[in-house]
Every structure is written in structure tokens, then in C-alpha cells.
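Chemist: Before I ask anything, here is the structure I am working with.
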Amino acid sequence: MAPDLITYAIPGFVLLLLLEIVFTTIDKRNMYEPKDALSSIAMGLGNVFIGIFTKAVIFGVYLFIYQYRLFTFGFTWWAWVLCFFADDFSYYWFHRCSHQIRFFWASHVIHHSSEKYNLATALRQNWTGNLTGTFVFWLWMPLLGFHPVMVMSMQAISLIYQFWIHTEVIHRLPAPIEFIFNTPSHHRVHHGSDIDYLDRNHAGILIIWDRLFGTFTPEKQRPVYGLTKNIHTYNPFRIATHEWVDIWRDVRQVRSLREAIGYVFNAPGWSADGSRKTTRELRKELEQNTTG
């Protein structure tokens with residue numbers, strides 16, 4: 001099985017987190033709330049623990065599919081380069097779908113549930129993503145010919161990269177970097193609950209996919225972090241399960257199979273009676289109010 005690069009990166013995460021706390025305290029910035037940060041750390045530790053079991057299963061699935069590969073790329077340098085782009089492309093579509101399909105959003109919403117934006121927020125990871133099959137977005141890679149070790153190593157590298165972009169300490173980087181790579185500025189937009197910022201900038205490492213597929217939005221004003229309807233809890237178990245509980249409550253009151261499917265697989269915010277709104281509906285309403 002692939003080495004767990006994220007485990008090796010934990011000391012670096014801790015060091016950078018402590019440096020940010022010291023810097024922002026000296027600079028008198030209100031970037032940290034102790035209970036919120038501890039909740040995020042607890043979510044991260046839970047994710048690592050669950051991953052011990054789920055990643056082994058996923059690796060086995062990748063190995064099974066790899067037996068039927070179309071090509072054999074091996075571990076050459078150019079195969080690693082191709083794997084980097086293939087993984088980043090896969091991450092973009094996984095991330096985008098996690099905002100557009102409630103079943104996947106139920107896991108991903110955890111990462112957006114903090115009203116603070118700092119390096120601790122990067123650790124606020126879900127406990128159910130692997131269990132609900134988010135790895136399916138990468139299945140094409142071992143089938144094409146990328147070895148499972150390469151696939152899982154590149155997934156880990158992507159997550160390690162994304163740690164440092166969860167900060168307000170860095171404003172903007174030189175224009176060429178901002179144009180090609182995901183940066184703190186781009187990712188702050190992604191964590192914003194402002195209507196203009198919802199479901200934007202889904203990049204992992206490269207922001208080029210958002211530019212190509214029309215989901216890029218530059219940072220215009222400081223985002224309001226969190227959810228459009230915040231959950232107001234520091235309880236890790238509540239944070240990890242609140243959307244799954246809400247889905248269950250919705251499904252229990254449906255009048256048809258079609259409504260049940262809608263509550264599970266339509267966009268977050270969809271409701272059979274129109275009492276709630278999806279991102280698309282919120283944007284449309286805002287445009288009507290602006291032009292009207």
C-alpha cells in the first residue's frame with residue numbers, strides 16, 4: 001500500500017499552525033477561536049483514524065481495477081507528471097460535484113462549517129467521505145494505467161498542498177502564480193458564504209480547471225466564512241453528522257420516491273415545496289432584486 005504521506009506531514013502542519021497562532025496574536029487579528037480550532041483538530045484526527053481502515057479498502061479496489069488497465073505507465077518521471085494532472089482534474093470534478101450533489105455535500109459540508117478561516121480549518125475534514133464512495137472519481141486512473149501507489153500518493157500530495165492556502169495571513173501572490181495555482185486568495189473565495197462566492201474555485205492545486213470550466217471567481221471583498229445557515233456547534237460528532245441527520249429528516253416526510261431522490265441527490269438547498277433555495281436559485285433571486 002502507498003505510504004501515508006499525510007501522516008508524515010503532520011509535524012509540519014502543527015509547526016505552521018503554531019506559527020500562525022503566534023503571528024496573528026502578536027498582530028492582534030481575531031483569526032482563532034479556541035473551541036472552533038479544537039473542533040477542527042478533532043475532525044482531522046477522526047479523519048486520519050477512519051482513513052487507516054478505509055484507505056486500505058480503497059487501495060484494494062484500485063488494485064483490482066488496475067488488473068484490467070488499458071496501458072502500463074510504470075513509475076517513470078513522465079508518468080508522475082501525467083498522474084499529477086490526472087489527479088488534479090479528478091479532484092476538481094469530485095470537489096465540484098461535492099457542492100452540487102447533496103449526497104456528497106453531506107460529507108464535504110464539514111470542511112465549510114467553521115466561521116473562521118485559518119490553518120486549523122484545513123484540518124476540519126470529514127469522517128464519511130470514503131465510506132460514501134467519493135473515491136469513484138479516481139477509478140478511471142488505475143483503469144487507464146496509473147499504479148494505485150501513484151494515485152494515492154498524488155491524492156495525498158494534493159491535500160498536503162491545500163493545507164497552507166487556508167490562511168488570511170497571505171494576501172496575494174505574484175500574478176503568474178495566482179493565474180495558474182490555487183492560492184489563499186482563491187480558496188478564501190471558496191470558503192465564503194457570500195452568494196457571489198458560493199460554489200466557486202473548486203481547485204486542488206491548479207486553478208486552471210476553474211478558469212476552463214467557468215467556476216472561477218476572484219476575491220473582491222473579504223468573505224463571510226461558514227455556511228449560508230451555520231450549525232453553531234463545536235461538537236465533533238454533530239459537525240460530522242448534521243447534514244446526514246437533515247437528509248434523514250427530509251426523506252422521512254416525502255410524499256413520493258421522486259421527492260426522496262431529490263432530497264438525496266439534488267443540489268444542496270433543494271426542497272420539494274420550494275421553502276429552501278439552491279445556490280443557483282439564490283443567485284437568480286439576487287440578480288432579480290438587483291436589476292429590479
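To be explicit about the labels: the chains of the C-alpha cells are called A, B, and onward in the order shown, and within each one the residues are counted from 1, while ligands get numbers from 1 in the order they are shown.
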Compile the contact shell of range 21-33 of chain A as an MDAnalysis selection string: residues with an atom at most 12 Å away, counting only C-alpha atoms, same-chain residues fewer than 6 positions apart removed.

Modeler: chainID A and resid 14:15 39:40 114:121 166:170 225 234

Chemist: Restricting it to C-alpha atoms, dump the selection as a tab-separated table (two decimals), in the first residue's frame.

Modeler:
chain	number	residue	atom	x	y	z
A	14	VAL	CA	1.50	21.58	13.67
A	15	LEU	CA	4.51	23.87	13.27
A	39	SER	CA	-13.18	21.07	16.89
A	40	SER	CA	-11.29	21.29	13.60
A	114	SER	CA	-16.25	26.77	10.52
A	115	GLU	CA	-16.92	30.50	10.62
A	116	LYS	CA	-13.17	31.06	10.95
A	117	TYR	CA	-10.58	30.74	8.20
A	118	ASN	CA	-7.16	29.63	9.35
A	119	LEU	CA	-4.78	26.68	9.18
A	120	ALA	CA	-6.84	24.81	11.76
A	121	THR	CA	-9.78	24.97	9.34
A	166	HIS	CA	-6.23	28.11	4.44
A	167	THR	CA	-4.93	31.42	5.75
A	168	GLU	CA	-5.62	35.15	5.74
A	169	VAL	CA	-2.01	35.97	6.56
A	170	ILE	CA	-1.06	35.80	2.86
A	225	TYR	CA	-16.93	32.38	6.22
A	234	TYR	CA	-18.33	22.70	18.47

Chemist: Which residues are near Val224 in chain A? Cut-off 9 Å, only C-alpha atoms, ignore same chain within fewer than 2 positions. Put them as a compact mmCIF listing (two decimals) with C-alpha atoms, in the first residue's frame.

Modeler:
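Output file part-v5.txt is given in full below:
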# COMPACT_ATOMS: atom_id res chain seq x y z
CA GLU A 115 -16.92 30.50 10.62
CA LYS A 116 -13.17 31.06 10.95
CA HIS A 191 -14.98 29.18 1.80
CA GLY A 192 -17.15 32.29 1.57
CA SER A 193 -20.89 32.09 2.25
CA ASP A 194 -21.50 35.24 0.18
CA ARG A 222 -13.26 39.66 2.46
CA GLY A 226 -19.12 29.43 7.10
CA LEU A 227 -22.41 28.17 5.72

Chemist: Between A:Ala272, A:Leu63, A:Ile50, A:Met43, which residue has the minimum interatomic distance to Phe146 in chain A, considering only C-alpha atoms?

Modeler: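 Nearest candidate to Phe146 in chain A out of A:Ala272, A:Leu63, A:Ile50, A:Met43: A:Leu63.
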
Chemist: DSSP on the backbone: what in range 48-102 of chain A comes out alpha helix (DSSP H), as a ChimeraX atom specification?

Modeler: /A:48-66,77-100,102

Chemist: According to DSSP computed on the backbone, where in range 114-251 of chain A is there strand (DSSP E or B)? Give the residues as a list in words.

Modeler: Phe181, Gly192, Leu206 and Tyr225 of chain A

Chemist: With only C-alpha atoms as the atoms that count, which of A:Val149, A:Arg96, A:Val136, A:His112 lies nearest to Gly74 in chain A?

Modeler: A:Val149

Chemist: Skipping near chain neighbours, those fewer than 5 positions away, what residues fall within 8 Å of range 82-90 of chain A using only C-alpha atoms, listed as a PyMOL selection string?

Modeler: chain A and resi 137-138+141+146+150-151+154-155+158+203-206+209

Chemist: Write out, as a CSV table (one decimal), in the first residue's frame, the residues just selected, with all heavy atoms.

Modeler:
chain,number,residue,atom,x,y,z
A,137,PHE,N,-14.4,9.0,-8.2
A,137,PHE,CA,-14.0,10.0,-9.1
A,137,PHE,C,-12.5,9.7,-9.6
A,137,PHE,O,-12.1,10.3,-10.6
A,137,PHE,CB,-14.0,11.4,-8.5
A,137,PHE,CG,-15.4,11.9,-8.3
A,137,PHE,CD1,-16.1,11.6,-7.1
A,137,PHE,CD2,-16.1,12.6,-9.2
A,137,PHE,CE1,-17.4,12.0,-6.9
A,137,PHE,CE2,-17.4,13.0,-9.1
A,137,PHE,CZ,-18.1,12.7,-7.9
A,138,TRP,N,-11.8,8.8,-8.9
A,138,TRP,CA,-10.5,8.5,-9.3
A,138,TRP,C,-10.3,7.1,-10.0
A,138,TRP,O,-9.3,6.7,-10.4
A,138,TRP,CB,-9.5,8.5,-8.1
A,138,TRP,CG,-9.2,9.9,-7.7
A,138,TRP,CD1,-8.0,10.6,-8.1
A,138,TRP,CD2,-9.9,10.8,-6.8
A,138,TRP,NE1,-8.0,11.9,-7.5
A,138,TRP,CE2,-9.2,12.0,-6.7
A,138,TRP,CE3,-11.1,10.7,-6.1
A,138,TRP,CZ2,-9.6,13.1,-5.9
A,138,TRP,CZ3,-11.6,11.8,-5.4
A,138,TRP,CH2,-10.8,12.9,-5.3
A,141,MET,N,-8.4,6.3,-13.2
A,141,MET,CA,-6.9,6.4,-13.3
A,141,MET,C,-6.2,5.1,-13.2
A,141,MET,O,-5.4,4.8,-14.1
A,141,MET,CB,-6.4,7.4,-12.2
A,141,MET,CG,-6.8,8.8,-12.4
A,141,MET,SD,-6.2,9.9,-11.1
A,141,MET,CE,-4.4,9.8,-11.3
A,146,PHE,N,-2.4,4.0,-14.4
A,146,PHE,CA,-1.7,4.6,-13.3
A,146,PHE,C,-1.7,3.6,-12.1
A,146,PHE,O,-2.7,3.2,-11.7
A,146,PHE,CB,-2.2,5.9,-12.8
A,146,PHE,CG,-2.1,7.0,-13.8
A,146,PHE,CD1,-3.2,7.5,-14.6
A,146,PHE,CD2,-0.9,7.6,-14.1
A,146,PHE,CE1,-3.1,8.5,-15.5
A,146,PHE,CE2,-0.7,8.6,-15.1
A,146,PHE,CZ,-1.9,9.0,-15.8
A,150,MET,N,0.8,5.3,-7.1
A,150,MET,CA,0.9,6.7,-7.7
A,150,MET,C,-0.4,7.5,-7.4
A,150,MET,O,-0.3,8.7,-7.0
A,150,MET,CB,1.2,6.6,-9.2
A,150,MET,CG,2.5,5.9,-9.5
A,150,MET,SD,2.7,5.8,-11.3
A,150,MET,CE,2.9,7.5,-11.8
A,151,VAL,N,-1.5,6.9,-7.6
A,151,VAL,CA,-2.8,7.5,-7.5
A,151,VAL,C,-3.0,8.0,-6.0
A,151,VAL,O,-3.3,9.2,-5.8
A,151,VAL,CB,-4.0,6.6,-7.8
A,151,VAL,CG1,-5.3,7.3,-7.6
A,151,VAL,CG2,-3.9,6.2,-9.3
A,154,MET,N,-0.5,10.8,-5.1
A,154,MET,CA,-0.8,12.1,-5.6
A,154,MET,C,-2.0,12.7,-4.9
A,154,MET,O,-2.1,13.9,-4.7
A,154,MET,CB,-1.1,12.0,-7.1
A,154,MET,CG,-0.9,13.3,-7.9
A,154,MET,SD,0.8,14.0,-7.7
A,154,MET,CE,1.8,12.8,-8.6
A,155,GLN,N,-3.0,11.9,-4.5
A,155,GLN,CA,-4.1,12.4,-3.7
A,155,GLN,C,-3.6,13.0,-2.4
A,155,GLN,O,-4.0,14.1,-2.0
A,155,GLN,CB,-5.1,11.3,-3.4
A,155,GLN,CG,-5.9,10.8,-4.6
A,155,GLN,CD,-6.7,9.6,-4.2
A,155,GLN,OE1,-6.3,8.7,-3.5
A,155,GLN,NE2,-8.0,9.6,-4.7
A,158,SER,N,-1.8,16.4,-3.0
A,158,SER,CA,-2.8,17.4,-3.2
A,158,SER,C,-3.4,18.0,-1.9
A,158,SER,O,-3.5,19.2,-1.7
A,158,SER,CB,-4.0,16.9,-4.1
A,158,SER,OG,-5.0,17.9,-4.3
A,203,ALA,N,-10.7,24.3,-7.1
A,203,ALA,CA,-9.4,23.8,-7.4
A,203,ALA,C,-8.7,23.0,-6.3
A,203,ALA,O,-9.0,23.2,-5.1
A,203,ALA,CB,-8.4,24.9,-7.8
A,204,GLY,N,-7.9,22.0,-6.7
A,204,GLY,CA,-7.0,21.4,-5.7
A,204,GLY,C,-5.7,22.1,-5.7
A,204,GLY,O,-5.4,23.0,-4.8
A,205,ILE,N,-4.8,21.9,-6.7
A,205,ILE,CA,-3.6,22.6,-6.8
A,205,ILE,C,-3.6,23.6,-7.9
A,205,ILE,O,-3.1,24.7,-7.7
A,205,ILE,CB,-2.4,21.6,-7.1
A,205,ILE,CG1,-2.2,20.6,-5.9
A,205,ILE,CG2,-1.1,22.3,-7.3
A,205,ILE,CD1,-1.2,19.6,-6.0
A,206,LEU,N,-4.2,23.3,-9.0
A,206,LEU,CA,-4.2,24.2,-10.2
A,206,LEU,C,-5.6,24.9,-10.3
A,206,LEU,O,-6.6,24.2,-10.3
A,206,LEU,CB,-4.0,23.4,-11.5
A,206,LEU,CG,-2.6,22.7,-11.5
A,206,LEU,CD1,-2.5,21.8,-12.8
A,206,LEU,CD2,-1.4,23.6,-11.4
A,209,TRP,N,-8.5,24.7,-13.9
A,209,TRP,CA,-9.7,24.0,-14.2
A,209,TRP,C,-10.9,24.9,-14.0
A,209,TRP,O,-11.9,24.8,-14.8
A,209,TRP,CB,-9.8,22.7,-13.4
A,209,TRP,CG,-8.6,21.8,-13.4
A,209,TRP,CD1,-7.8,21.5,-12.3
A,209,TRP,CD2,-8.0,21.2,-14.5
A,209,TRP,NE1,-6.8,20.7,-12.7
A,209,TRP,CE2,-6.9,20.5,-14.1
A,209,TRP,CE3,-8.4,21.2,-15.9
A,209,TRP,CZ2,-6.1,19.8,-14.9
A,209,TRP,CZ3,-7.5,20.4,-16.7
A,209,TRP,CH2,-6.4,19.7,-16.3

Chemist: Within 9 Å of Thr217 in chain A, counting only C-alpha atoms, which residues qualify if same-chain residues fewer than 6 places away don't, as JSON, numbers by chain?

Modeler: {"A": [186, 189, 190, 196, 197, 200, 201, 210, 211]}

Chemist: Generate the output file for the selected residues, N, CA and C atoms, as a PDB file, in the first residue's frame.

Modeler:
ATOM      1  N   HIS A 186      -7.687  32.627  -3.728  1.00  0.00           N
ATOM      2  CA  HIS A 186      -8.704  31.851  -4.445  1.00  0.00           C
ATOM      3  C   HIS A 186      -9.507  30.970  -3.487  1.00  0.00           C
ATOM      4  N   VAL A 189     -12.211  32.602  -1.281  1.00  0.00           N
ATOM      5  CA  VAL A 189     -13.475  32.731  -2.015  1.00  0.00           C
ATOM      6  C   VAL A 189     -14.293  31.455  -1.871  1.00  0.00           C
ATOM      7  N   HIS A 190     -13.634  30.321  -2.016  1.00  0.00           N
ATOM      8  CA  HIS A 190     -14.332  29.034  -1.949  1.00  0.00           C
ATOM      9  C   HIS A 190     -15.011  28.824  -0.602  1.00  0.00           C
ATOM     10  N   ASP A 196     -22.171  35.563  -4.130  1.00  0.00           N
ATOM     11  CA  ASP A 196     -21.240  35.639  -5.266  1.00  0.00           C
ATOM     12  C   ASP A 196     -20.144  34.569  -5.182  1.00  0.00           C
ATOM     13  N   TYR A 197     -19.832  34.136  -3.982  1.00  0.00           N
ATOM     14  CA  TYR A 197     -18.729  33.216  -3.775  1.00  0.00           C
ATOM     15  C   TYR A 197     -19.153  31.747  -3.676  1.00  0.00           C
ATOM     16  N   ARG A 200     -17.720  28.220  -5.906  1.00  0.00           N
ATOM     17  CA  ARG A 200     -16.702  28.749  -6.811  1.00  0.00           C
ATOM     18  C   ARG A 200     -15.319  28.273  -6.370  1.00  0.00           C
ATOM     19  N   ASN A 201     -14.391  28.245  -7.321  1.00  0.00           N
ATOM     20  CA  ASN A 201     -12.980  27.936  -7.063  1.00  0.00           C
ATOM     21  C   ASN A 201     -12.806  26.565  -6.390  1.00  0.00           C
ATOM     22  N   ASP A 210     -10.906  25.658 -12.935  1.00  0.00           N
ATOM     23  CA  ASP A 210     -12.000  26.610 -12.685  1.00  0.00           C
ATOM     24  C   ASP A 210     -12.077  27.641 -13.797  1.00  0.00           C
ATOM     25  N   ARG A 211     -10.940  28.087 -14.272  1.00  0.00           N
ATOM     26  CA  ARG A 211     -10.941  29.061 -15.367  1.00  0.00           C
ATOM     27  C   ARG A 211     -11.500  28.428 -16.645  1.00  0.00           C
TER      28      ARG A 211
END

Chemist: Calculate how many Å separate CA of Arg255 in chain A from CA of Ser271 in chain A, rounding to one decimal.

Modeler: 12.3 Å

Chemist: Please determine, counting only C-alpha atoms, which residue among A:His147, A:Glu20, A:Lys284, A:Arg276 has the shortest atom-to-atom distance to Tyr62 in chain A.

Modeler: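 Of A:His147, A:Glu20, A:Lys284, A:Arg276, the one nearest Tyr62 in chain A is A:His147, counting only C-alpha atoms.
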
Chemist: Counting only C-alpha atoms, figure out which residue out of A:Phe64, A:Phe216, A:Phe75, A:Phe265 gets nearest to Glu178 in chain A.

Modeler: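 With only C-alpha atoms as the atom set, the closest residue is A:Phe216.
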